[in-house]
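Q: One file is attached below, final.pdb, containing PDB, C-alpha atoms, pLDDT in the B column.
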```pdb
ATOM      1  CA  MET A1187     -84.363  12.921 -14.511  1.00 40.00           C
ATOM      2  CA  GLU A1188     -83.960   9.222 -13.774  1.00 41.00           C
ATOM      3  CA  LEU A1189     -86.455   6.712 -12.563  1.00 41.00           C
ATOM      4  CA  ARG A1190     -85.480   4.594  -9.617  1.00 47.00           C
ATOM      5  CA  ARG A1191     -85.760   0.903 -10.262  1.00 46.00           C
ATOM      6  CA  GLY A1192     -88.526  -0.887  -8.472  1.00 48.00           C
ATOM      7  CA  LYS A1193     -90.046   2.175  -6.839  1.00 49.00           C
ATOM      8  CA  ARG A1194     -90.982   4.160  -9.921  1.00 51.00           C
ATOM      9  CA  ARG A1195     -90.109   7.434  -8.277  1.00 49.00           C
ATOM     10  CA  ARG A1196     -87.968  10.071  -9.750  1.00 49.00           C
ATOM     11  CA  LYS A1197     -84.579  10.700  -8.165  1.00 49.00           C
ATOM     12  CA  SER A1198     -84.070  14.298  -7.239  1.00 47.00           C
ATOM     13  CA  ALA A1199     -80.777  16.045  -6.704  1.00 49.00           C
ATOM     14  CA  ARG A1200     -81.743  16.561  -3.086  1.00 49.00           C
ATOM     15  CA  THR A1201     -82.195  12.810  -2.445  1.00 47.00           C
ATOM     16  CA  GLY A1202     -78.775  12.145  -3.983  1.00 46.00           C
ATOM     17  CA  GLN A1203     -77.074  14.650  -1.682  1.00 48.00           C
ATOM     18  CA  ALA A1204     -78.681  13.180   1.382  1.00 47.00           C
ATOM     19  CA  SER A1205     -77.515   9.715   0.377  1.00 45.00           C
ATOM     20  CA  GLY A1206     -73.981  11.026  -0.070  1.00 45.00           C
ATOM     21  CA  ALA A1207     -74.048  12.695   3.339  1.00 42.00           C
ATOM     22  CA  CYS A1208     -75.274   9.444   4.847  1.00 37.00           C
ATOM     23  CA  ALA A1209     -72.391   7.560   3.243  1.00 37.00           C
ATOM     24  CA  ILE A1210     -69.842  10.087   4.534  1.00 42.00           C
ATOM     25  CA  ALA A1211     -71.287   9.902   8.055  1.00 38.00           C
ATOM     26  CA  SER A1212     -71.163   6.088   7.902  1.00 36.00           C
ATOM     27  CA  ALA A1213     -67.532   6.187   6.752  1.00 38.00           C
ATOM     28  CA  ILE A1214     -66.589   8.551   9.598  1.00 39.00           C
ATOM     29  CA  LEU A1215     -68.381   6.302  12.104  1.00 36.00           C
ATOM     30  CA  CYS A1216     -66.518   3.220  10.784  1.00 33.00           C
ATOM     31  CA  VAL A1217     -63.170   5.012  11.024  1.00 37.00           C
ATOM     32  CA  ALA A1218     -64.009   6.136  14.587  1.00 33.00           C
ATOM     33  CA  LEU A1219     -64.959   2.567  15.586  1.00 35.00           C
ATOM     34  CA  LEU A1220     -61.765   1.178  14.057  1.00 35.00           C
ATOM     35  CA  TRP A1221     -59.697   3.780  15.888  1.00 38.00           C
ATOM     36  CA  PHE A1222     -61.436   2.865  19.158  1.00 38.00           C
ATOM     37  CA  ARG A1223     -60.818  -0.869  18.641  1.00 38.00           C
ATOM     38  CA  VAL A1224     -57.149  -0.332  17.796  1.00 38.00           C
ATOM     39  CA  GLY A1225     -56.683   1.962  20.804  1.00 42.00           C
ATOM     40  CA  VAL A1226     -58.082  -0.622  23.239  1.00 48.00           C
ATOM     41  CA  ALA A1227     -56.366  -3.588  21.594  1.00 55.00           C
ATOM     42  CA  SER A1228     -52.906  -2.018  21.859  1.00 74.00           C
ATOM     43  CA  ALA A1229     -52.721  -2.284  25.668  1.00 78.00           C
ATOM     44  CA  THR A1230     -49.884  -4.603  26.663  1.00 88.00           C
ATOM     45  CA  ALA A1231     -48.711  -6.057  29.960  1.00 89.00           C
ATOM     46  CA  PHE A1232     -45.102  -7.080  30.552  1.00 91.00           C
ATOM     47  CA  ILE A1233     -43.663  -9.486  33.111  1.00 93.00           C
ATOM     48  CA  ASN A1234     -40.030 -10.274  33.872  1.00 92.00           C
ATOM     49  CA  ILE A1235     -39.096 -12.958  36.414  1.00 93.00           C
ATOM     50  CA  VAL A1236     -35.947 -11.549  38.004  1.00 95.00           C
ATOM     51  CA  THR A1237     -35.443 -14.485  40.406  1.00 93.00           C
ATOM     52  CA  PRO A1238     -35.989 -17.676  38.376  1.00 90.00           C
ATOM     53  CA  ALA A1239     -34.945 -20.026  41.221  1.00 91.00           C
ATOM     54  CA  LEU A1240     -34.886 -19.892  44.995  1.00 91.00           C
ATOM     55  CA  THR A1241     -33.185 -22.268  47.438  1.00 90.00           C
ATOM     56  CA  LEU A1242     -34.134 -22.261  51.114  1.00 90.00           C
ATOM     57  CA  THR A1243     -31.809 -24.037  53.524  1.00 87.00           C
ATOM     58  CA  PRO A1244     -33.178 -24.337  57.076  1.00 88.00           C
ATOM     59  CA  THR A1245     -30.952 -23.464  60.014  1.00 88.00           C
ATOM     60  CA  PRO A1246     -31.329 -24.779  63.580  1.00 89.00           C
ATOM     61  CA  THR A1247     -33.283 -21.590  64.401  1.00 93.00           C
ATOM     62  CA  ASP A1248     -35.628 -22.298  61.477  1.00 91.00           C
ATOM     63  CA  TYR A1249     -36.239 -25.819  62.816  1.00 89.00           C
ATOM     64  CA  ALA A1250     -36.984 -24.334  66.263  1.00 92.00           C
ATOM     65  CA  ASN A1251     -39.535 -21.995  64.610  1.00 93.00           C
ATOM     66  CA  ASP A1252     -40.787 -24.828  62.356  1.00 93.00           C
ATOM     67  CA  PHE A1253     -40.498 -22.672  59.232  1.00 93.00           C
ATOM     68  CA  VAL A1254     -37.918 -21.263  56.830  1.00 93.00           C
ATOM     69  CA  GLU A1255     -38.493 -18.128  54.789  1.00 95.00           C
ATOM     70  CA  ALA A1256     -36.944 -15.783  52.253  1.00 95.00           C
ATOM     71  CA  THR A1257     -38.196 -12.213  52.505  1.00 95.00           C
ATOM     72  CA  GLY A1258     -37.673  -8.964  50.617  1.00 93.00           C
ATOM     73  CA  PRO A1259     -34.719  -9.032  48.229  1.00 93.00           C
ATOM     74  CA  ALA A1260     -33.879 -12.580  49.398  1.00 94.00           C
ATOM     75  CA  GLY A1261     -37.283 -13.771  48.081  1.00 95.00           C
ATOM     76  CA  VAL A1262     -38.580 -13.850  44.516  1.00 95.00           C
ATOM     77  CA  ALA A1263     -38.483 -10.639  42.475  1.00 96.00           C
ATOM     78  CA  VAL A1264     -40.900 -10.064  39.582  1.00 95.00           C
ATOM     79  CA  LYS A1265     -40.987  -6.924  37.418  1.00 96.00           C
ATOM     80  CA  VAL A1266     -44.291  -5.841  35.821  1.00 94.00           C
ATOM     81  CA  LYS A1267     -45.624  -2.922  33.811  1.00 94.00           C
ATOM     82  CA  THR A1268     -48.600  -2.140  31.590  1.00 91.00           C
ATOM     83  CA  ASN A1269     -49.888   0.642  29.394  1.00 91.00           C
ATOM     84  CA  SER A1270     -53.510  -0.410  29.975  1.00 91.00           C
ATOM     85  CA  PRO A1271     -55.575   2.343  31.619  1.00 93.00           C
ATOM     86  CA  ASN A1272     -57.257  -0.447  33.635  1.00 93.00           C
ATOM     87  CA  GLY A1273     -53.976  -1.581  35.200  1.00 94.00           C
ATOM     88  CA  LEU A1274     -53.009  -5.210  35.790  1.00 94.00           C
ATOM     89  CA  ILE A1275     -53.129  -8.043  38.298  1.00 96.00           C
ATOM     90  CA  LEU A1276     -50.053 -10.173  39.061  1.00 96.00           C
ATOM     91  CA  MET A1277     -51.116 -13.712  39.960  1.00 96.00           C
ATOM     92  CA  VAL A1278     -49.111 -16.715  41.152  1.00 96.00           C
ATOM     93  CA  ARG A1279     -49.892 -20.419  41.549  1.00 94.00           C
ATOM     94  CA  SER A1280     -48.111 -23.686  42.143  1.00 93.00           C
ATOM     95  CA  SER A1281     -48.053 -25.879  39.046  1.00 90.00           C
ATOM     96  CA  GLY A1282     -46.842 -29.282  37.947  1.00 82.00           C
ATOM     97  CA  THR A1283     -45.898 -32.004  40.403  1.00 84.00           C
ATOM     98  CA  THR A1284     -45.589 -30.480  43.851  1.00 85.00           C
ATOM     99  CA  GLN A1285     -43.310 -31.871  46.541  1.00 90.00           C
ATOM    100  CA  ILE A1286     -44.133 -29.277  49.182  1.00 90.00           C
ATOM    101  CA  ALA A1287     -47.758 -29.416  50.334  1.00 89.00           C
ATOM    102  CA  SER A1288     -49.825 -26.406  49.324  1.00 89.00           C
ATOM    103  CA  SER A1289     -50.749 -25.842  52.963  1.00 92.00           C
ATOM    104  CA  ASP A1290     -47.029 -25.600  53.825  1.00 94.00           C
ATOM    105  CA  LEU A1291     -45.949 -23.278  50.968  1.00 95.00           C
ATOM    106  CA  LEU A1292     -46.949 -19.707  51.813  1.00 95.00           C
ATOM    107  CA  VAL A1293     -46.438 -16.434  49.912  1.00 97.00           C
ATOM    108  CA  ARG A1294     -47.029 -12.720  50.454  1.00 96.00           C
ATOM    109  CA  THR A1295     -45.650  -9.396  49.268  1.00 96.00           C
ATOM    110  CA  MET A1296     -44.851  -6.237  51.153  1.00 95.00           C
ATOM    111  CA  THR A1297     -44.580  -4.255  47.907  1.00 96.00           C
ATOM    112  CA  PRO A1298     -47.111  -1.409  48.099  1.00 95.00           C
ATOM    113  CA  PRO A1299     -49.946  -1.719  45.569  1.00 96.00           C
ATOM    114  CA  GLY A1300     -50.252   0.543  42.564  1.00 93.00           C
ATOM    115  CA  THR A1301     -52.873   3.294  42.464  1.00 94.00           C
ATOM    116  CA  GLY A1302     -56.309   1.719  42.912  1.00 95.00           C
ATOM    117  CA  GLY A1303     -54.783  -1.736  43.388  1.00 96.00           C
ATOM    118  CA  SER A1304     -54.210  -4.199  46.196  1.00 97.00           C
ATOM    119  CA  THR A1305     -51.470  -6.382  47.615  1.00 97.00           C
ATOM    120  CA  LEU A1306     -51.409  -9.723  49.450  1.00 96.00           C
ATOM    121  CA  ILE A1307     -49.764  -8.745  52.754  1.00 97.00           C
ATOM    122  CA  THR A1308     -50.477 -11.838  54.849  1.00 97.00           C
ATOM    123  CA  TYR A1309     -48.869 -15.215  54.280  1.00 97.00           C
ATOM    124  CA  THR A1310     -51.341 -17.293  52.281  1.00 97.00           C
ATOM    125  CA  PRO A1311     -51.075 -20.962  51.188  1.00 96.00           C
ATOM    126  CA  LEU A1312     -50.184 -21.303  47.519  1.00 94.00           C
ATOM    127  CA  GLY A1313     -52.246 -23.888  45.647  1.00 91.00           C
ATOM    128  CA  ALA A1314     -53.001 -24.864  42.061  1.00 92.00           C
ATOM    129  CA  THR A1315     -55.366 -21.923  41.491  1.00 94.00           C
ATOM    130  CA  ASN A1316     -54.216 -18.375  40.809  1.00 94.00           C
ATOM    131  CA  LEU A1317     -53.690 -16.167  43.826  1.00 95.00           C
ATOM    132  CA  ASN A1318     -53.804 -12.378  43.314  1.00 96.00           C
ATOM    133  CA  LEU A1319     -50.429 -11.220  44.616  1.00 96.00           C
ATOM    134  CA  TRP A1320     -50.282  -7.556  43.547  1.00 97.00           C
ATOM    135  CA  SER A1321     -52.285  -5.168  41.386  1.00 96.00           C
ATOM    136  CA  THR A1322     -52.674  -1.627  40.121  1.00 94.00           C
ATOM    137  CA  GLY A1323     -55.797   0.039  38.770  1.00 94.00           C
ATOM    138  CA  VAL A1324     -54.004   2.359  36.332  1.00 93.00           C
ATOM    139  CA  ALA A1325     -51.259   2.176  33.722  1.00 89.00           C
ATOM    140  CA  GLN A1326     -47.945   1.238  35.348  1.00 88.00           C
ATOM    141  CA  GLY A1327     -44.657   2.335  33.833  1.00 85.00           C
ATOM    142  CA  PRO A1328     -41.770   2.048  34.173  1.00 89.00           C
ATOM    143  CA  PHE A1329     -41.373  -1.470  35.571  1.00 93.00           C
ATOM    144  CA  VAL A1330     -42.239  -1.939  39.248  1.00 95.00           C
ATOM    145  CA  VAL A1331     -40.442  -4.695  41.175  1.00 96.00           C
ATOM    146  CA  VAL A1332     -42.780  -6.878  43.219  1.00 96.00           C
ATOM    147  CA  GLN A1333     -40.866  -8.740  45.946  1.00 97.00           C
ATOM    148  CA  MET A1334     -42.594 -11.992  46.882  1.00 97.00           C
ATOM    149  CA  ASP A1335     -41.786 -13.473  50.292  1.00 96.00           C
ATOM    150  CA  VAL A1336     -41.786 -17.277  50.487  1.00 96.00           C
ATOM    151  CA  ARG A1337     -42.282 -19.320  53.651  1.00 96.00           C
ATOM    152  CA  ILE A1338     -42.242 -23.103  54.087  1.00 95.00           C
ATOM    153  CA  ARG A1339     -43.680 -24.377  57.341  1.00 95.00           C
ATOM    154  CA  ASN A1340     -43.976 -27.798  58.984  1.00 92.00           C
ATOM    155  CA  LEU A1341     -40.265 -28.503  58.434  1.00 89.00           C
ATOM    156  CA  PHE A1342     -40.396 -31.733  60.428  1.00 87.00           C
ATOM    157  CA  GLY A1343     -42.885 -33.091  57.884  1.00 86.00           C
ATOM    158  CA  TYR A1344     -40.100 -33.217  55.292  1.00 82.00           C
ATOM    159  CA  GLY A1345     -37.473 -35.765  56.217  1.00 77.00           C
ATOM    160  CA  ASP A1346     -33.870 -35.954  55.064  1.00 67.00           C
ATOM    161  CA  ALA A1347     -32.706 -38.928  53.032  1.00 54.00           C
ATOM    162  CA  GLY A1348     -30.634 -41.155  55.344  1.00 50.00           C
ATOM    163  CA  ALA A1349     -26.902 -40.643  54.817  1.00 50.00           C
ATOM    164  CA  ALA A1350     -27.267 -37.700  52.425  1.00 55.00           C
ATOM    165  CA  GLY A1351     -28.073 -35.269  55.238  1.00 59.00           C
ATOM    166  CA  THR A1352     -30.273 -33.071  53.058  1.00 70.00           C
ATOM    167  CA  THR A1353     -33.128 -33.665  50.671  1.00 75.00           C
ATOM    168  CA  SER A1354     -34.230 -31.288  47.936  1.00 83.00           C
ATOM    169  CA  TYR A1355     -37.922 -30.541  47.509  1.00 85.00           C
ATOM    170  CA  THR A1356     -39.065 -28.661  44.429  1.00 87.00           C
ATOM    171  CA  ASN A1357     -42.223 -26.793  43.463  1.00 90.00           C
ATOM    172  CA  THR A1358     -42.774 -24.875  40.241  1.00 91.00           C
ATOM    173  CA  LEU A1359     -44.474 -21.489  40.523  1.00 92.00           C
ATOM    174  CA  THR A1360     -46.306 -19.920  37.587  1.00 93.00           C
ATOM    175  CA  PHE A1361     -46.775 -16.162  37.393  1.00 94.00           C
ATOM    176  CA  THR A1362     -49.481 -14.595  35.234  1.00 94.00           C
ATOM    177  CA  VAL A1363     -50.397 -10.990  34.494  1.00 93.00           C
ATOM    178  CA  PHE A1364     -54.004 -10.172  33.731  1.00 89.00           C
ATOM    179  CA  GLU A1365     -55.425  -6.902  32.426  1.00 89.00           C
ATOM    180  CA  PRO A1366     -58.910  -6.386  33.906  1.00 86.00           C
TER
END
```
Before we go any further, please render this structure as structure tokens.

A:
Amino acid sequence: MELRRGKRRRKSARTGQASGACAIASAILCVALLWFRVGVASATAFINIVTPALTLTPTPTDYANDFVEATGPAGVAVKVKTNSPNGLILMVRSSGTTQIASSDLLVRTMTPPGTGGSTLITYTPLGATNLNLWSTGVAQGPFVVVQMDVRIRNLFGYGDAGAAGTTSYTNTLTFTVFEP
């Protein structure tokens, strides 16, 4: 028999077995926690901008309506997917130096939302803060194509440069995917 240091009690075989069982249970718990952390951390969202640039050229009818738009396949296409069980949110914002006023640059999508998600179905002004365009509440795979419609209104507020006949106005849009 051995004496334990500091406590002056004898160590029994039974105490040793209990300590070993405690160590095994702790090891199993650590492995389970590591497995859980790795499982959650492996969720990945993907985004692919299919339409990297869009040019809108107003027609006389557009000037009569005071807006020009590109809808459906003529608009901006973005592909997204995720393996996260919580789904994802596709967000868009205007970034950098803007030449078209945020109140005049409107976006929406008619792409149906994923299961448990939502979609922005009414034209909404696009500003410098993220706007939730489309979402799903579950894993999404394969890629889904989200078609973003773009409308520019107040056409008479953007003049043409004298003899050139047309003037180009540019805004940069930034898309972000977020896993809730």

Q: Report, in Å with one decimal, the straight-line distance from CA of Lys1267 (chain A) to CA of Thr1241 (chain A).

A: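 Distance between the two atoms: 26.7 Å.
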
Q: Of the residues A:Thr1297, A:Gln1285, A:Thr1315, A:Thr1360, which is the one nearest to Gly1345 (chain A), using all atoms listed in the file?

A: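 Among the listed residues, the smallest separation from Gly1345 (chain A) belongs to A:Gln1285.
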
Q: Report the residues retrieved by the PyMOL selection byres ((chain A and resi 1237) around 10) from the displayed file, expressed as a ChimeraX atom specification.

A: /A:1234-1236,1238-1240,1259-1265,1333-1334

Q: Take the residues from that selection and put them in a file with C-alpha atoms, as a tab-separated table (two decimals), keeping the file's coordinate frame.

A:
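Produced file again38.tsv, reproduced below:
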```tsv
chain	number	residue	atom	x	y	z
A	1234	ASN	CA	-40.03	-10.27	33.87
A	1235	ILE	CA	-39.10	-12.96	36.41
A	1236	VAL	CA	-35.95	-11.55	38.00
A	1238	PRO	CA	-35.99	-17.68	38.38
A	1239	ALA	CA	-34.94	-20.03	41.22
A	1240	LEU	CA	-34.89	-19.89	45.00
A	1259	PRO	CA	-34.72	-9.03	48.23
A	1260	ALA	CA	-33.88	-12.58	49.40
A	1261	GLY	CA	-37.28	-13.77	48.08
A	1262	VAL	CA	-38.58	-13.85	44.52
A	1263	ALA	CA	-38.48	-10.64	42.48
A	1264	VAL	CA	-40.90	-10.06	39.58
A	1265	LYS	CA	-40.99	-6.92	37.42
A	1333	GLN	CA	-40.87	-8.74	45.95
A	1334	MET	CA	-42.59	-11.99	46.88
```

Q: To one decimal in Å, tell me the separation between CA of Ser1270 (chain A) and CA of Thr1295 (chain A).

A: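 One can read the CA of Ser1270 (chain A) to CA of Thr1295 (chain A) distance as 22.7 Å.
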
Q: With distances taken over only C-alpha atoms, which of A:Thr1352, A:Ile1275, A:Thr1283, A:Val1336 is nearest to Asn1318 (chain A)?

A: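 Checking each candidate against Asn1318 (chain A), we get A:Ile1275 as the closest.
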
Q: Once the PyMOL selection byres ((chain A and resi 1269) around 9) has been evaluated on this model, what residues remain selected, and can you format them as number ranges by chain?

A: A: 1228-1231, 1267-1268, 1270-1273, 1324-1327

Q: Produce a file of the selected residues containing C-alpha atoms, as a compact mmCIF listing (two decimals), in the frame of the given file.

A:
```txt
# COMPACT_ATOMS: atom_id res chain seq x y z
CA SER A 1228 -52.91 -2.02 21.86
CA ALA A 1229 -52.72 -2.28 25.67
CA THR A 1230 -49.88 -4.60 26.66
CA ALA A 1231 -48.71 -6.06 29.96
CA LYS A 1267 -45.62 -2.92 33.81
CA THR A 1268 -48.60 -2.14 31.59
CA SER A 1270 -53.51 -0.41 29.98
CA PRO A 1271 -55.58 2.34 31.62
CA ASN A 1272 -57.26 -0.45 33.64
CA GLY A 1273 -53.98 -1.58 35.20
CA VAL A 1324 -54.00 2.36 36.33
CA ALA A 1325 -51.26 2.18 33.72
CA GLN A 1326 -47.94 1.24 35.35
CA GLY A 1327 -44.66 2.34 33.83
```

Q: Evaluating the PyMOL selection byres ((chain A and resi 1363) around 9) on the displayed file yields which residues, as a list in words?

A: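 Selection result, ordered by chain and number: Ala1231, Phe1232, Ile1233, Val1266, Leu1274, Ile1275, Leu1276, Met1277, Val1278, Phe1361, Thr1362, Phe1364 and Glu1365 of chain A.
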
Q: Excluding same-chain residues fewer than 5 positions from Tyr1344 (chain A), what lies within 9 Å of it counting all atoms listed in the file, as a compact mmCIF listing (two decimals) with C-alpha atoms, in the frame of the given file?

A:
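Wrote part-v9.txt, looks like this:
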```txt
# COMPACT_ATOMS: atom_id res chain seq x y z
CA ILE A 1286 -44.13 -29.28 49.18
CA THR A 1353 -33.13 -33.66 50.67
CA TYR A 1355 -37.92 -30.54 47.51
```

Q: Expressed in Å to a single decimal, how great is the separation between CA of Leu1312 (chain A) and CA of Thr1356 (chain A)?

A: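 Interatomic distance here is 13.7 Å.
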
Q: Between A:Val1254, A:Tyr1249, A:Leu1319, A:Pro1311, which has the minimum distance to Ser1289 (chain A) (counting all atoms listed in the file)?

A: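 Closest to Ser1289 (chain A), using all atoms listed in the file: A:Pro1311.
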
Q: From the options A:Ser1354, A:Phe1329, A:Thr1245, A:Ile1338, which residue's atoms come nearest to Ser1288 (chain A), counting only C-alpha atoms?

A: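 Closest candidate: A:Ile1338.
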
Q: Please reconstruct the missing atoms of region 1301-1318 of chain A (target: N, CA, C and O atoms) and return them as a PDB file, keeping the file's coordinate frame.

A:
```pdb
ATOM      1  N   THR A1301     -51.681   2.464  42.257  1.00 94.00           N
ATOM      2  CA  THR A1301     -52.873   3.294  42.464  1.00 94.00           C
ATOM      3  C   THR A1301     -54.141   2.503  42.155  1.00 94.00           C
ATOM      4  O   THR A1301     -54.267   1.933  41.081  1.00 94.00           O
ATOM      5  N   GLY A1302     -55.050   2.440  43.103  1.00 95.00           N
ATOM      6  CA  GLY A1302     -56.309   1.719  42.912  1.00 95.00           C
ATOM      7  C   GLY A1302     -56.169   0.211  42.945  1.00 95.00           C
ATOM      8  O   GLY A1302     -57.111  -0.505  42.622  1.00 95.00           O
ATOM      9  N   GLY A1303     -55.017  -0.291  43.362  1.00 96.00           N
ATOM     10  CA  GLY A1303     -54.783  -1.736  43.388  1.00 96.00           C
ATOM     11  C   GLY A1303     -54.765  -2.303  44.786  1.00 96.00           C
ATOM     12  O   GLY A1303     -55.150  -1.650  45.754  1.00 96.00           O
ATOM     13  N   SER A1304     -54.292  -3.535  44.896  1.00 97.00           N
ATOM     14  CA  SER A1304     -54.210  -4.199  46.196  1.00 97.00           C
ATOM     15  C   SER A1304     -52.966  -5.071  46.232  1.00 97.00           C
ATOM     16  O   SER A1304     -52.328  -5.319  45.213  1.00 97.00           O
ATOM     17  N   THR A1305     -52.640  -5.536  47.428  1.00 97.00           N
ATOM     18  CA  THR A1305     -51.470  -6.382  47.615  1.00 97.00           C
ATOM     19  C   THR A1305     -51.784  -7.438  48.674  1.00 97.00           C
ATOM     20  O   THR A1305     -52.574  -7.191  49.587  1.00 97.00           O
ATOM     21  N   LEU A1306     -51.208  -8.615  48.516  1.00 96.00           N
ATOM     22  CA  LEU A1306     -51.409  -9.723  49.450  1.00 96.00           C
ATOM     23  C   LEU A1306     -50.360  -9.593  50.552  1.00 96.00           C
ATOM     24  O   LEU A1306     -49.212  -9.973  50.362  1.00 96.00           O
ATOM     25  N   ILE A1307     -50.752  -9.048  51.714  1.00 97.00           N
ATOM     26  CA  ILE A1307     -49.764  -8.745  52.754  1.00 97.00           C
ATOM     27  C   ILE A1307     -49.674  -9.794  53.850  1.00 97.00           C
ATOM     28  O   ILE A1307     -48.793  -9.717  54.691  1.00 97.00           O
ATOM     29  N   THR A1308     -50.563 -10.774  53.847  1.00 97.00           N
ATOM     30  CA  THR A1308     -50.477 -11.838  54.849  1.00 97.00           C
ATOM     31  C   THR A1308     -50.067 -13.133  54.157  1.00 97.00           C
ATOM     32  O   THR A1308     -50.456 -13.386  53.013  1.00 97.00           O
ATOM     33  N   TYR A1309     -49.269 -13.926  54.847  1.00 97.00           N
ATOM     34  CA  TYR A1309     -48.869 -15.215  54.280  1.00 97.00           C
ATOM     35  C   TYR A1309     -50.117 -16.040  53.976  1.00 97.00           C
ATOM     36  O   TYR A1309     -50.982 -16.210  54.842  1.00 97.00           O
ATOM     37  N   THR A1310     -50.181 -16.542  52.750  1.00 97.00           N
ATOM     38  CA  THR A1310     -51.341 -17.293  52.281  1.00 97.00           C
ATOM     39  C   THR A1310     -50.859 -18.561  51.592  1.00 97.00           C
ATOM     40  O   THR A1310     -49.903 -18.509  50.800  1.00 97.00           O
ATOM     41  N   PRO A1311     -51.482 -19.725  51.869  1.00 96.00           N
ATOM     42  CA  PRO A1311     -51.075 -20.962  51.188  1.00 96.00           C
ATOM     43  C   PRO A1311     -51.207 -20.835  49.673  1.00 96.00           C
ATOM     44  O   PRO A1311     -52.165 -20.260  49.164  1.00 96.00           O
ATOM     45  N   LEU A1312     -50.230 -21.380  48.978  1.00 94.00           N
ATOM     46  CA  LEU A1312     -50.184 -21.303  47.519  1.00 94.00           C
ATOM     47  C   LEU A1312     -50.604 -22.642  46.932  1.00 94.00           C
ATOM     48  O   LEU A1312     -49.932 -23.651  47.135  1.00 94.00           O
ATOM     49  N   GLY A1313     -51.731 -22.661  46.235  1.00 91.00           N
ATOM     50  CA  GLY A1313     -52.246 -23.888  45.647  1.00 91.00           C
ATOM     51  C   GLY A1313     -52.178 -23.874  44.133  1.00 91.00           C
ATOM     52  O   GLY A1313     -51.425 -23.108  43.524  1.00 91.00           O
ATOM     53  N   ALA A1314     -52.998 -24.712  43.515  1.00 92.00           N
ATOM     54  CA  ALA A1314     -53.001 -24.864  42.061  1.00 92.00           C
ATOM     55  C   ALA A1314     -53.836 -23.802  41.355  1.00 92.00           C
ATOM     56  O   ALA A1314     -53.805 -23.709  40.139  1.00 92.00           O
ATOM     57  N   THR A1315     -54.581 -22.991  42.104  1.00 94.00           N
ATOM     58  CA  THR A1315     -55.366 -21.923  41.491  1.00 94.00           C
ATOM     59  C   THR A1315     -54.652 -20.590  41.693  1.00 94.00           C
ATOM     60  O   THR A1315     -53.919 -20.403  42.664  1.00 94.00           O
ATOM     61  N   ASN A1316     -54.882 -19.675  40.756  1.00 94.00           N
ATOM     62  CA  ASN A1316     -54.216 -18.375  40.809  1.00 94.00           C
ATOM     63  C   ASN A1316     -54.568 -17.611  42.072  1.00 94.00           C
ATOM     64  O   ASN A1316     -55.715 -17.587  42.498  1.00 94.00           O
ATOM     65  N   LEU A1317     -53.558 -16.988  42.635  1.00 95.00           N
ATOM     66  CA  LEU A1317     -53.690 -16.167  43.826  1.00 95.00           C
ATOM     67  C   LEU A1317     -53.282 -14.751  43.416  1.00 95.00           C
ATOM     68  O   LEU A1317     -52.202 -14.559  42.850  1.00 95.00           O
ATOM     69  N   ASN A1318     -54.146 -13.762  43.651  1.00 96.00           N
ATOM     70  CA  ASN A1318     -53.804 -12.378  43.314  1.00 96.00           C
ATOM     71  C   ASN A1318     -52.753 -11.881  44.290  1.00 96.00           C
ATOM     72  O   ASN A1318     -53.019 -11.712  45.474  1.00 96.00           O
TER      73      ASN A1318
END
```
